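What follows is a short report on a single structure.
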Amino acid sequence: MIQGLGGAAGDSPVDDFGLPPGIRDEYLQGARDQLGTIAELAERFVASGDDQAAIEDLRRDAHRLRGSAGSFGFPQASVVAAELEEAAKQWLEHPTNGVDDRGAAARAFVRRLAAALFTKRVAGGRQPLVPGAAQQR
């Protein structure tokens with residue numbers, strides 16, 4: 001018998017999100033690095049909003065985060081990453097539109113991704129969008 005896997009076959013422990021214990025924490029360590037890369041790209045847009053290589057890198061990294069975040073129990077991060085991916089696609093398709101606003105937009109996506117990944121959430125629970133909103137009926 002393999003030690004550390006107590007219980008009957010197929011009875012392995014899972015966290016509140018249906019994942020093996022600790023796997024979300026490991027994912028978040030990697031996501032923190034990914035978010036750092038995206039933040040660095042956002043800063044490149046502040047300097048030059050028409051950096052096509054940076055836009056393609058941003059699109060690719062947002063696509064990766066979009067897929068992985070949902071798989072590890074961060075659906076809101078997946079939604080925000082999808083929005084960022086779509087914005088990057090639009091920037092690539094229309095290279096001269098909104099060049100001056102791309103840095104601010106990319107920074108806003110970074111803030112939203114950080115909030116979606118690193119704000120404590122309760123599994124299966126719904127949290128109000130505005131503090132105290134649940135009591136205002």
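By convention in this document, the chains of the structure tokens carry letters A, B, ... by their order, each chain's residues are numbered from 1, and ligands are numbered from 1 in the order they are shown.
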I'd like the neighbourhood of Arg64 (chain A) as number ranges by chain, where a residue qualifies if any of its atoms comes within 12 Å (using only C-alpha atoms), though same-chain residues fewer than 3 positions away should be ignored. A: 30-31, 34-35, 38, 57-61, 67-71, 77-78, 81-82, 84-85
Could you save those same residues with N, CA and C atoms as a PDB file, in the first residue's frame?
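Dumped everything to again19.pdb:
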ATOM      1  N   GLY A  30       2.891  29.864  -9.411  1.00  0.00           N
ATOM      2  CA  GLY A  30       3.175  30.037 -10.830  1.00  0.00           C
ATOM      3  C   GLY A  30       2.383  31.195 -11.433  1.00  0.00           C
ATOM      4  N   ALA A  31       1.134  31.363 -10.987  1.00  0.00           N
ATOM      5  CA  ALA A  31       0.300  32.451 -11.490  1.00  0.00           C
ATOM      6  C   ALA A  31       0.879  33.801 -11.089  1.00  0.00           C
ATOM      7  N   GLN A  34       3.405  34.522 -13.634  1.00  0.00           N
ATOM      8  CA  GLN A  34       2.739  34.892 -14.885  1.00  0.00           C
ATOM      9  C   GLN A  34       2.207  36.320 -14.809  1.00  0.00           C
ATOM     10  N   LEU A  35       1.615  36.653 -13.676  1.00  0.00           N
ATOM     11  CA  LEU A  35       1.079  38.001 -13.504  1.00  0.00           C
ATOM     12  C   LEU A  35       2.206  39.028 -13.515  1.00  0.00           C
ATOM     13  N   ILE A  38       3.014  39.647 -17.084  1.00  0.00           N
ATOM     14  CA  ILE A  38       1.977  40.483 -17.691  1.00  0.00           C
ATOM     15  C   ILE A  38       2.132  41.930 -17.226  1.00  0.00           C
ATOM     16  N   ASP A  57       2.997  38.898 -27.032  1.00  0.00           N
ATOM     17  CA  ASP A  57       3.365  38.203 -25.786  1.00  0.00           C
ATOM     18  C   ASP A  57       2.232  38.289 -24.770  1.00  0.00           C
ATOM     19  N   LEU A  58       1.634  39.472 -24.664  1.00  0.00           N
ATOM     20  CA  LEU A  58       0.530  39.677 -23.734  1.00  0.00           C
ATOM     21  C   LEU A  58      -0.662  38.807 -24.112  1.00  0.00           C
ATOM     22  N   ARG A  59      -0.987  38.756 -25.394  1.00  0.00           N
ATOM     23  CA  ARG A  59      -2.085  37.910 -25.856  1.00  0.00           C
ATOM     24  C   ARG A  59      -1.848  36.452 -25.499  1.00  0.00           C
ATOM     25  N   ARG A  60      -0.622  35.991 -25.752  1.00  0.00           N
ATOM     26  CA  ARG A  60      -0.273  34.590 -25.470  1.00  0.00           C
ATOM     27  C   ARG A  60      -0.350  34.290 -23.964  1.00  0.00           C
ATOM     28  N   ASP A  61       0.211  35.181 -23.144  1.00  0.00           N
ATOM     29  CA  ASP A  61       0.205  34.952 -21.694  1.00  0.00           C
ATOM     30  C   ASP A  61      -1.213  35.020 -21.124  1.00  0.00           C
ATOM     31  N   GLY A  67      -6.904  29.786 -19.622  1.00  0.00           N
ATOM     32  CA  GLY A  67      -7.158  28.351 -19.542  1.00  0.00           C
ATOM     33  C   GLY A  67      -6.846  27.749 -18.197  1.00  0.00           C
ATOM     34  N   SER A  68      -5.742  28.138 -17.621  1.00  0.00           N
ATOM     35  CA  SER A  68      -5.337  27.506 -16.366  1.00  0.00           C
ATOM     36  C   SER A  68      -6.134  28.001 -15.167  1.00  0.00           C
ATOM     37  N   ALA A  69      -6.487  29.268 -15.122  1.00  0.00           N
ATOM     38  CA  ALA A  69      -7.172  29.825 -13.950  1.00  0.00           C
ATOM     39  C   ALA A  69      -8.496  29.117 -13.685  1.00  0.00           C
ATOM     40  N   GLY A  70      -9.269  28.916 -14.722  1.00  0.00           N
ATOM     41  CA  GLY A  70     -10.544  28.230 -14.538  1.00  0.00           C
ATOM     42  C   GLY A  70     -10.376  26.801 -14.062  1.00  0.00           C
ATOM     43  N   SER A  71      -9.347  26.138 -14.556  1.00  0.00           N
ATOM     44  CA  SER A  71      -9.097  24.749 -14.175  1.00  0.00           C
ATOM     45  C   SER A  71      -8.714  24.600 -12.715  1.00  0.00           C
ATOM     46  N   ALA A  77     -10.718  35.062 -12.615  1.00  0.00           N
ATOM     47  CA  ALA A  77      -9.427  35.342 -13.249  1.00  0.00           C
ATOM     48  C   ALA A  77      -9.449  34.878 -14.702  1.00  0.00           C
ATOM     49  N   SER A  78     -10.113  33.758 -14.964  1.00  0.00           N
ATOM     50  CA  SER A  78     -10.236  33.267 -16.328  1.00  0.00           C
ATOM     51  C   SER A  78     -11.020  34.252 -17.189  1.00  0.00           C
ATOM     52  N   ALA A  81      -8.792  37.328 -17.793  1.00  0.00           N
ATOM     53  CA  ALA A  81      -7.738  36.979 -18.749  1.00  0.00           C
ATOM     54  C   ALA A  81      -8.302  36.890 -20.170  1.00  0.00           C
ATOM     55  N   ALA A  82      -9.523  36.386 -20.305  1.00  0.00           N
ATOM     56  CA  ALA A  82     -10.162  36.324 -21.626  1.00  0.00           C
ATOM     57  C   ALA A  82     -10.398  37.739 -22.166  1.00  0.00           C
ATOM     58  N   LEU A  84      -8.617  40.375 -21.414  1.00  0.00           N
ATOM     59  CA  LEU A  84      -7.292  40.884 -21.775  1.00  0.00           C
ATOM     60  C   LEU A  84      -6.827  40.292 -23.103  1.00  0.00           C
ATOM     61  N   GLU A  85      -7.049  39.006 -23.277  1.00  0.00           N
ATOM     62  CA  GLU A  85      -6.678  38.359 -24.539  1.00  0.00           C
ATOM     63  C   GLU A  85      -7.412  39.020 -25.707  1.00  0.00           C
TER      64      GLU A  85
END
Using only C-alpha atoms: which of A:Glu26, A:Glu40, A:Asp16, A:Asp50 has the shortest distance to Val110 (chain A): A:Glu40
Asp100 (chain A): which residues within 12 Å, counting only C-alpha atoms, same-chain residues fewer than 5 positions away excluded, as a list of chain:residue names? A:Arg44, A:Phe45, A:Val46, A:Ala47, A:Ser48, A:Gly49, A:Asp50, A:Asp51, A:Trp91, A:Pro95, A:Ala105, A:Ala106
How many Å separate CA of Arg107 (chain A) from CA of Ala88 (chain A)? 12.9 Å
What is the CA of Gln90 (chain A) to CA of Ile55 (chain A) distance in Å? 9.8 Å
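Proximity to Arg112 (chain A) was assessed for A:Asp25, A:Val80, A:Pro20, A:Ala54 counting only C-alpha atoms; the smallest distance is recorded for A:Val80.
The space separating CA of Leu28 (chain A) from CA of Ala62 (chain A) comes to 15.1 Å.
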A:Arg102, A:Thr37, A:Gln76, A:Tyr27: which is nearest Ala115 (chain A), counting only C-alpha atoms? A:Gln76
If DSSP is run on the backbone, what residues of region 17-98 of chain A are alpha helix (DSSP H)? A reply as JSON, numbers by chain would be ideal. {"A": [23, 24, 25, 26, 27, 28, 29, 30, 31, 32, 33, 34, 35, 36, 37, 38, 39, 40, 41, 42, 43, 44, 45, 46, 47, 52, 53, 54, 55, 56, 57, 58, 59, 60, 61, 62, 63, 64, 65, 66, 67, 68, 69, 70, 71, 75, 76, 77, 78, 79, 80, 81, 82, 83, 84, 85, 86, 87, 88, 89, 90, 91, 92, 93]}
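When only C-alpha atoms are used to compute distances to Val79 (chain A), the closest of the residues A:His94, A:Ala104, A:Phe109, A:Asp33 turns out to be A:Phe109.
Proximity of A:Ala53, A:Phe72, A:Ala42, A:His63 to Gly18 (chain A), computed with only C-alpha atoms, is greatest for A:Phe72.
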